[in-house]
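What follows is the content of protein-v1.cif (mmCIF, C-alpha atoms and all ligand atoms).
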```cif
data_structure
loop_
_atom_site.group_PDB
_atom_site.id
_atom_site.type_symbol
_atom_site.label_atom_id
_atom_site.label_comp_id
_atom_site.auth_asym_id
_atom_site.auth_seq_id
_atom_site.Cartn_x
_atom_site.Cartn_y
_atom_site.Cartn_z
ATOM 1 C CA MET A 24 75.867 159.421 230.996
ATOM 2 C CA TYR A 25 73.188 157.739 233.101
ATOM 3 C CA THR A 26 69.615 158.855 233.739
ATOM 4 C CA GLU A 27 67.833 159.096 237.104
ATOM 5 C CA ASP A 28 66.263 155.679 236.453
ATOM 6 C CA ASP A 29 69.757 154.142 236.501
ATOM 7 C CA PHE A 30 70.891 155.794 239.737
ATOM 8 C CA ILE A 31 72.251 153.565 242.477
ATOM 9 C CA MET A 32 72.476 154.652 246.095
ATOM 10 C CA ILE A 33 75.905 155.623 247.407
ATOM 11 C CA SER A 34 75.100 153.490 250.471
ATOM 12 C CA ALA A 35 75.115 150.435 248.148
ATOM 13 C CA LEU A 36 78.843 150.986 247.590
ATOM 14 C CA GLN A 37 79.512 150.721 251.318
ATOM 15 C CA HIS A 38 77.341 147.627 251.561
ATOM 16 C CA TYR A 39 79.292 146.074 248.667
ATOM 17 C CA VAL A 40 82.673 146.744 250.292
ATOM 18 C CA TYR A 41 81.433 145.207 253.542
ATOM 19 C CA CYS A 42 80.010 142.181 251.739
ATOM 20 C CA PRO A 43 78.804 141.803 248.102
ATOM 21 C CA ARG A 44 76.019 139.479 249.307
ATOM 22 C CA GLN A 45 74.806 142.098 251.794
ATOM 23 C CA CYS A 46 74.666 144.605 248.915
ATOM 24 C CA GLY A 47 72.602 142.166 246.828
ATOM 25 C CA LEU A 48 70.192 141.318 249.648
ATOM 26 C CA ILE A 49 69.527 145.000 250.396
ATOM 27 C CA HIS A 50 69.499 146.500 246.893
ATOM 28 C CA VAL A 51 68.056 143.600 244.868
ATOM 29 C CA ASP A 52 65.828 141.781 247.372
ATOM 30 C CA ASP A 53 64.931 144.873 249.504
ATOM 31 C CA VAL A 54 65.866 143.022 252.702
ATOM 32 C CA TRP A 55 66.680 145.170 255.729
ATOM 33 C CA GLN A 56 67.061 144.439 259.432
ATOM 34 C CA GLU A 57 68.325 146.716 262.181
ATOM 35 C CA ASN A 58 70.878 145.735 264.800
ATOM 36 C CA LEU A 59 72.860 147.670 267.415
ATOM 37 C CA PHE A 60 75.320 149.067 264.850
ATOM 38 C CA THR A 61 72.701 150.213 262.310
ATOM 39 C CA THR A 62 70.565 151.734 265.103
ATOM 40 C CA ARG A 63 73.534 153.734 266.427
ATOM 41 C CA GLY A 64 74.185 155.038 262.904
ATOM 42 C CA ASN A 65 70.504 155.965 262.443
ATOM 43 C CA ILE A 66 70.398 157.912 265.721
ATOM 44 C CA LEU A 67 73.515 159.875 264.779
ATOM 45 C CA HIS A 68 72.207 160.692 261.288
ATOM 46 C CA GLU A 69 68.852 161.856 262.664
ATOM 47 C CA LYS A 70 70.837 164.469 264.611
ATOM 48 C CA VAL A 71 73.011 165.450 261.626
ATOM 49 C CA ASP A 72 70.728 165.309 258.529
ATOM 50 C CA THR A 73 68.738 168.402 259.414
ATOM 51 C CA ASP A 74 68.423 170.140 256.005
ATOM 52 C CA THR A 75 69.790 173.358 257.489
ATOM 53 C CA TYR A 76 72.656 175.751 256.789
ATOM 54 C CA GLU A 77 74.626 178.285 258.763
ATOM 55 C CA THR A 78 77.650 180.553 258.415
ATOM 56 C CA ARG A 79 80.575 180.460 260.825
ATOM 57 C CA GLY A 80 83.190 183.085 259.915
ATOM 58 C CA ASN A 81 84.494 182.212 256.445
ATOM 59 C CA ILE A 82 82.722 178.848 256.333
ATOM 60 C CA LYS A 83 79.203 178.141 255.047
ATOM 61 C CA ILE A 84 77.917 174.836 256.462
ATOM 62 C CA VAL A 85 75.133 172.941 254.641
ATOM 63 C CA ARG A 86 73.588 169.872 256.304
ATOM 64 C CA GLY A 87 71.733 167.031 254.590
ATOM 65 C CA LEU A 88 72.601 168.127 251.035
ATOM 66 C CA ARG A 89 71.155 165.812 248.338
ATOM 67 C CA ILE A 90 73.717 164.901 245.701
ATOM 68 C CA HIS A 91 73.927 162.963 242.434
ATOM 69 C CA SER A 92 76.171 162.274 239.449
ATOM 70 C CA PHE A 93 74.877 161.548 235.933
ATOM 71 C CA LYS A 94 78.396 160.546 234.867
ATOM 72 C CA TYR A 95 78.652 157.774 237.477
ATOM 73 C CA GLY A 96 74.908 157.108 237.948
ATOM 74 C CA ILE A 97 74.921 157.522 241.719
ATOM 75 C CA VAL A 98 72.729 159.397 244.196
ATOM 76 C CA GLY A 99 72.881 160.104 247.922
ATOM 77 C CA ARG A 100 73.132 162.718 250.599
ATOM 78 C CA CYS A 101 76.012 164.441 252.420
ATOM 79 C CA ASP A 102 75.829 164.820 256.194
ATOM 80 C CA VAL A 103 77.687 168.133 255.986
ATOM 81 C CA VAL A 104 79.323 170.125 253.194
ATOM 82 C CA GLU A 105 81.575 173.021 254.218
ATOM 83 C CA PHE A 106 82.212 175.852 251.755
ATOM 84 C CA HIS A 107 85.447 177.606 252.808
ATOM 85 C CA GLU A 108 86.277 180.991 251.334
ATOM 86 C CA ASN A 109 88.941 183.568 252.062
ATOM 87 C CA LYS A 110 90.583 186.370 250.033
ATOM 88 C CA ILE A 111 92.998 183.914 248.392
ATOM 89 C CA GLU A 112 91.086 180.692 247.788
ATOM 90 C CA LYS A 113 87.828 178.772 247.913
ATOM 91 C CA SER A 114 87.461 175.100 248.776
ATOM 92 C CA ILE A 115 84.696 172.568 249.425
ATOM 93 C CA LEU A 116 84.907 169.863 252.094
ATOM 94 C CA PRO A 117 82.314 167.087 252.560
ATOM 95 C CA VAL A 118 82.256 165.840 256.160
ATOM 96 C CA GLU A 119 80.683 162.470 257.002
ATOM 97 C CA PHE A 120 79.647 161.673 260.576
ATOM 98 C CA LYS A 121 80.323 158.176 261.915
ATOM 99 C CA SER A 122 79.153 156.686 265.187
ATOM 100 C CA GLY A 123 82.152 154.352 265.589
ATOM 101 C CA LYS A 124 85.905 154.488 265.014
ATOM 102 C CA PRO A 125 87.888 154.599 261.727
ATOM 103 C CA LYS A 126 87.282 151.403 259.724
ATOM 104 C CA GLU A 127 89.998 149.120 258.367
ATOM 105 C CA ASP A 128 88.146 148.474 255.103
ATOM 106 C CA LEU A 129 87.516 150.930 252.270
ATOM 107 C CA SER A 130 83.774 151.360 252.806
ATOM 108 C CA ASP A 131 83.767 154.790 254.442
ATOM 109 C CA LYS A 132 86.470 156.155 252.132
ATOM 110 C CA VAL A 133 84.547 154.964 249.071
ATOM 111 C CA GLN A 134 81.399 156.690 250.372
ATOM 112 C CA LEU A 135 83.309 159.954 250.814
ATOM 113 C CA CYS A 136 84.912 159.657 247.361
ATOM 114 C CA ALA A 137 81.478 159.036 245.770
ATOM 115 C CA GLN A 138 80.226 162.214 247.481
ATOM 116 C CA VAL A 139 83.200 164.110 246.053
ATOM 117 C CA LEU A 140 82.467 162.792 242.522
ATOM 118 C CA CYS A 141 78.878 164.063 242.836
ATOM 119 C CA LEU A 142 79.824 167.466 244.260
ATOM 120 C CA GLU A 143 82.500 167.983 241.586
ATOM 121 C CA GLU A 144 79.942 167.339 238.839
ATOM 122 C CA MET A 145 77.150 169.402 240.421
ATOM 123 C CA LEU A 146 79.368 172.377 241.266
ATOM 124 C CA SER A 147 81.840 172.148 238.332
ATOM 125 C CA THR A 148 84.815 172.146 240.650
ATOM 126 C CA LYS A 149 87.706 170.012 241.865
ATOM 127 C CA ILE A 150 87.744 168.666 245.433
ATOM 128 C CA THR A 151 90.915 167.180 246.857
ATOM 129 C CA GLU A 152 89.845 166.247 250.390
ATOM 130 C CA GLY A 153 86.965 165.051 252.501
ATOM 131 C CA ALA A 154 86.704 164.396 256.226
ATOM 132 C CA PHE A 155 85.133 162.065 258.782
ATOM 133 C CA PHE A 156 83.974 163.028 262.235
ATOM 134 C CA TYR A 157 84.002 160.000 264.555
ATOM 135 C CA GLU A 158 81.572 160.458 267.415
ATOM 136 C CA LYS A 159 83.059 157.725 269.600
ATOM 137 C CA ILE A 160 86.528 159.286 269.668
ATOM 138 C CA ARG A 161 85.306 162.886 269.053
ATOM 139 C CA ARG A 162 87.888 163.381 266.319
ATOM 140 C CA ARG A 163 87.917 164.686 262.744
ATOM 141 C CA ASN A 164 90.145 162.865 260.223
ATOM 142 C CA THR A 165 90.873 164.445 256.858
ATOM 143 C CA VAL A 166 91.218 162.075 253.889
ATOM 144 C CA GLU A 167 92.901 162.822 250.566
ATOM 145 C CA ILE A 168 90.733 161.946 247.557
ATOM 146 C CA ASP A 169 93.503 160.796 245.227
ATOM 147 C CA ASN A 170 93.457 158.965 241.881
ATOM 148 C CA GLU A 171 93.728 155.568 243.529
ATOM 149 C CA ILE A 172 90.555 155.912 245.617
ATOM 150 C CA ARG A 173 88.757 157.445 242.615
ATOM 151 C CA LYS A 174 89.625 154.350 240.509
ATOM 152 C CA GLN A 175 88.630 151.975 243.322
ATOM 153 C CA THR A 176 85.318 153.801 243.758
ATOM 154 C CA GLU A 177 84.572 153.675 240.022
ATOM 155 C CA SER A 178 85.320 149.947 239.946
ATOM 156 C CA ILE A 179 83.004 149.349 242.952
ATOM 157 C CA ILE A 180 80.222 151.383 241.292
ATOM 158 C CA ASN A 181 80.533 149.080 238.232
ATOM 159 C CA SER A 182 80.424 145.936 240.406
ATOM 160 C CA VAL A 183 77.329 147.155 242.273
ATOM 161 C CA ARG A 184 75.615 148.060 238.997
ATOM 162 C CA GLU A 185 76.337 144.545 237.720
ATOM 163 C CA ILE A 186 74.691 142.943 240.800
ATOM 164 C CA ILE A 187 71.652 145.223 240.582
ATOM 165 C CA SER A 188 71.126 144.910 236.831
ATOM 166 C CA SER A 189 71.692 141.124 236.736
ATOM 167 C CA LYS A 190 69.670 140.629 239.981
ATOM 168 C CA LYS A 191 72.165 137.895 240.898
ATOM 169 C CA ILE A 192 72.861 137.929 244.627
ATOM 170 C CA PRO A 193 76.378 136.667 245.444
ATOM 171 C CA LEU A 194 76.619 133.553 247.610
ATOM 172 C CA ALA A 195 77.505 133.874 251.302
ATOM 173 C CA GLU A 196 81.093 133.500 252.439
ATOM 174 C CA TYR A 197 81.029 133.056 256.219
ATOM 175 C CA ALA A 198 83.614 135.328 257.897
ATOM 176 C CA ALA A 199 84.198 137.188 261.168
ATOM 177 C CA LYS A 200 82.278 140.223 259.827
ATOM 178 C CA CYS A 201 79.073 138.126 259.697
ATOM 179 C CA ARG A 202 78.850 138.379 263.500
ATOM 180 C CA ASN A 203 78.179 142.148 263.240
ATOM 181 C CA CYS A 204 75.948 141.940 260.164
ATOM 182 C CA SER A 205 72.284 142.766 260.774
ATOM 183 C CA LEU A 206 71.264 140.491 257.875
ATOM 184 C CA GLN A 207 72.752 137.337 259.395
ATOM 185 C CA PRO A 208 69.331 135.847 260.359
ATOM 186 C CA VAL A 209 68.140 136.218 256.754
ATOM 187 C CA CYS A 210 71.426 135.367 255.074
ATOM 188 C CA GLN A 211 72.194 132.225 257.126
ATOM 189 C CA PRO A 212 75.879 132.329 256.071
ATOM 190 C CA LYS A 213 76.878 129.150 257.921
ATOM 191 C CA ALA A 214 74.121 127.118 256.308
ATOM 192 C CA MET A 215 74.818 128.732 252.932
ATOM 193 C CA ASN A 216 78.470 127.778 253.298
ATOM 194 C CA SER A 217 77.674 124.089 253.298
ATOM 195 C CA ARG A 218 79.357 122.602 250.228
ATOM 196 C CA LYS A 219 76.326 120.601 249.101
ATOM 197 C CA LEU A 220 74.050 123.638 249.342
ATOM 198 C CA LYS A 221 76.507 125.783 247.362
ATOM 199 C CA ILE A 222 76.587 123.209 244.565
ATOM 200 C CA TYR A 223 72.776 123.000 244.596
ATOM 201 C CA ILE A 224 72.326 126.796 244.426
ATOM 202 C CA LYS A 225 74.979 127.175 241.730
ATOM 203 C CA GLY A 226 73.048 124.564 239.717
ATOM 204 C CA LEU A 227 69.858 126.645 240.017
ATOM 205 C CA TYR A 228 71.562 129.662 238.439
ATOM 206 C CA THR A 229 73.479 127.819 235.743
ATOM 207 C CA SER A 230 70.839 125.386 234.533
HETATM 208 S S1 LIG B 1 75.838 137.487 257.220
HETATM 209 FE FE1 LIG B 1 77.911 137.532 256.329
HETATM 210 S S2 LIG B 1 77.700 136.702 254.243
HETATM 211 FE FE2 LIG B 1 75.658 137.250 254.977
HETATM 212 S S3 LIG B 1 75.279 139.296 254.213
HETATM 213 FE FE3 LIG B 1 76.103 139.503 256.285
HETATM 214 S S4 LIG B 1 78.316 139.716 256.029
HETATM 215 FE FE4 LIG B 1 77.499 138.934 254.098
#
```
Could you quickly redo this structure as structure tokens?
Amino acid sequence: MYTEDDFIMISALQHYVYCPRQCGLIHVDDVWQENLFTTRGNILHEKVDTDTYETRGNIKIVRGLRIHSFKYGIVGRCDVVEFHENKIEKSILPVEFKSGKPKEDLSDKVQLCAQVLCLEEMLSTKITEGAFFYEKIRRRNTVEIDNEIRKQTESIINSVREIISSKKIPLAEYAAKCRNCSLQPVCQPKAMNSRKLKIYIKGLYTS
């Protein structure tokens, strides 16, 4: 079990999946820069994270719920959690709002799974699904939270914890994703990718 002092942000898991170096720059060096993509996300979450709740028929809807897990040492916030209840069964569904379209990588799914791990611990229950609402295509996609994504999420939590506790920021690997990364001006991935510079930096950490 972890304590609050050990908690890492669920957002760090998404940053790690996108790029381990981005995760290190943000969560070790406290670097942050906005770009078009981060600004769109911020605007959407300002509309969604309202700390309110309402009831619609058999569904209680809670917005901006703060969540944590002492077992996994993670902390964050759910955009929306729906509590469904009828005469036969009860179920809980976290719903995450996204400004864009479904992503190819695991980052969003890992975020949703981490939310499920927190809610299961806090509410002593089992949750089998979560959902995304994509603003751009105005569509809700339901995602199964199976054993595979749970294992992947746990492994990513361990990798992020290793970066944060060692304070070692991974080296840049220039790739297509760097073009959309708000940290590119700070990271300088093309310059960092120069072979001589890589050898020099590696020497700094190993000497
Ligand atoms: S610019 Fe590229 S290498 Fe640097 S943090 Fe962003 S994604 Fe990672």
Problem - Given 8 Å and all atoms listed in the file, residues near ligand LIG 1 (chain B) as a PyMOL selection string - result: chain A and resi 41-46+48+194-212
Exercise for the section: Determine, counting all atoms listed in the file, which protein, DNA and RNA residues have an atom within 9 Å of an atom of A:Val166; residues of the same chain fewer than 2 positions away are not included. Present the result as a ChimeraX atom specification. Expected result: /A:132,135,151-155,164,168
Exercise for the section: Check the smallest atom-to-atom distance from each of A:Val133, A:Ile160, A:Val85, A:Ile49 to A:Leu36 using only C-alpha atoms, then report the winner. Expected result: A:Val133
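The gap separating atom CA of A:Ser188 from atom CA of A:Glu119 is 28.4 Å, in Å to one decimal.
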Handout entry: For atom CA of A:Trp55 and atom CA of A:Met32, the interatomic separation in Å (one decimal)
Key = 14.7 Å
For the PyMOL selection byres (((chain A and resi 74) around 7) and not hetatm), applied here, can you spell out every residue it catches as a short mmCIF file (atom, residue, chain, number, x, y, z; two decimals) with C-alpha atoms, in the coordinates of the input?
```
data_model
loop_
_atom_site.label_atom_id
_atom_site.label_comp_id
_atom_site.auth_asym_id
_atom_site.auth_seq_id
_atom_site.Cartn_x
_atom_site.Cartn_y
_atom_site.Cartn_z
CA ASP A 72 70.73 165.31 258.53
CA THR A 73 68.74 168.40 259.41
CA THR A 75 69.79 173.36 257.49
CA ARG A 86 73.59 169.87 256.30
CA GLY A 87 71.73 167.03 254.59
CA LEU A 88 72.60 168.13 251.04
#
```
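For stretch 170-182 of chain A, the set of protein, DNA and RNA residues having any atom at most 9 Å away, when counting only C-alpha atoms and skipping those fewer than 2 positions along the same chain, is Ile31, Ile33, Ala35, Leu36, Tyr39, Val40, Pro43, Tyr95, Gly96, Ile97, Leu129, Lys132, Val133, Gln134, Cys136, Ala137, Leu140, Glu167, Ile168, Arg184, Glu185, Ile186 and Ile187 of chain A.
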Practice task
Pick out the closest residue to A:Ser189 from this set: A:Arg89, A:His107, A:His38, A:His50. Count only C-alpha atoms.
Solution key: A:His50
Excluding same-chain residues fewer than 6 positions from A:Ile90, what lies within 6 Å of it counting all atoms listed in the file, as a PDB file with C-alpha atoms, in the coordinates of the input?
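That gives us around_33.pdb:
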```pdb
ATOM      1  CA  VAL A  98      72.729 159.397 244.196  1.00  0.00           C
ATOM      2  CA  GLY A  99      72.881 160.104 247.922  1.00  0.00           C
ATOM      3  CA  ARG A 100      73.132 162.718 250.599  1.00  0.00           C
ATOM      4  CA  CYS A 141      78.878 164.063 242.836  1.00  0.00           C
TER       5      CYS A 141
END
```
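Of note, atom CA of A:Glu69 and atom CA of A:Lys124 are spaced 18.7 Å apart.
In terms of minimum interatomic distance to A:Lys191, A:Asp52 ranks closest within A:Ser92, A:Lys159, A:Glu27, A:Asp52, counting only C-alpha atoms.
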Handout entry: Long-range neighbours of stretch 104-106 of chain A as a PyMOL selection string, 7 Å cut-off, only C-alpha atoms, 3 positions minimum in chain
Key = chain A and resi 82-86+101+114-118
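Of the listed residues A:Ser130, A:Val103, A:Pro125, A:Leu142, the one whose atoms come nearest to A:Glu77 is A:Val103, with distances taken using only C-alpha atoms.
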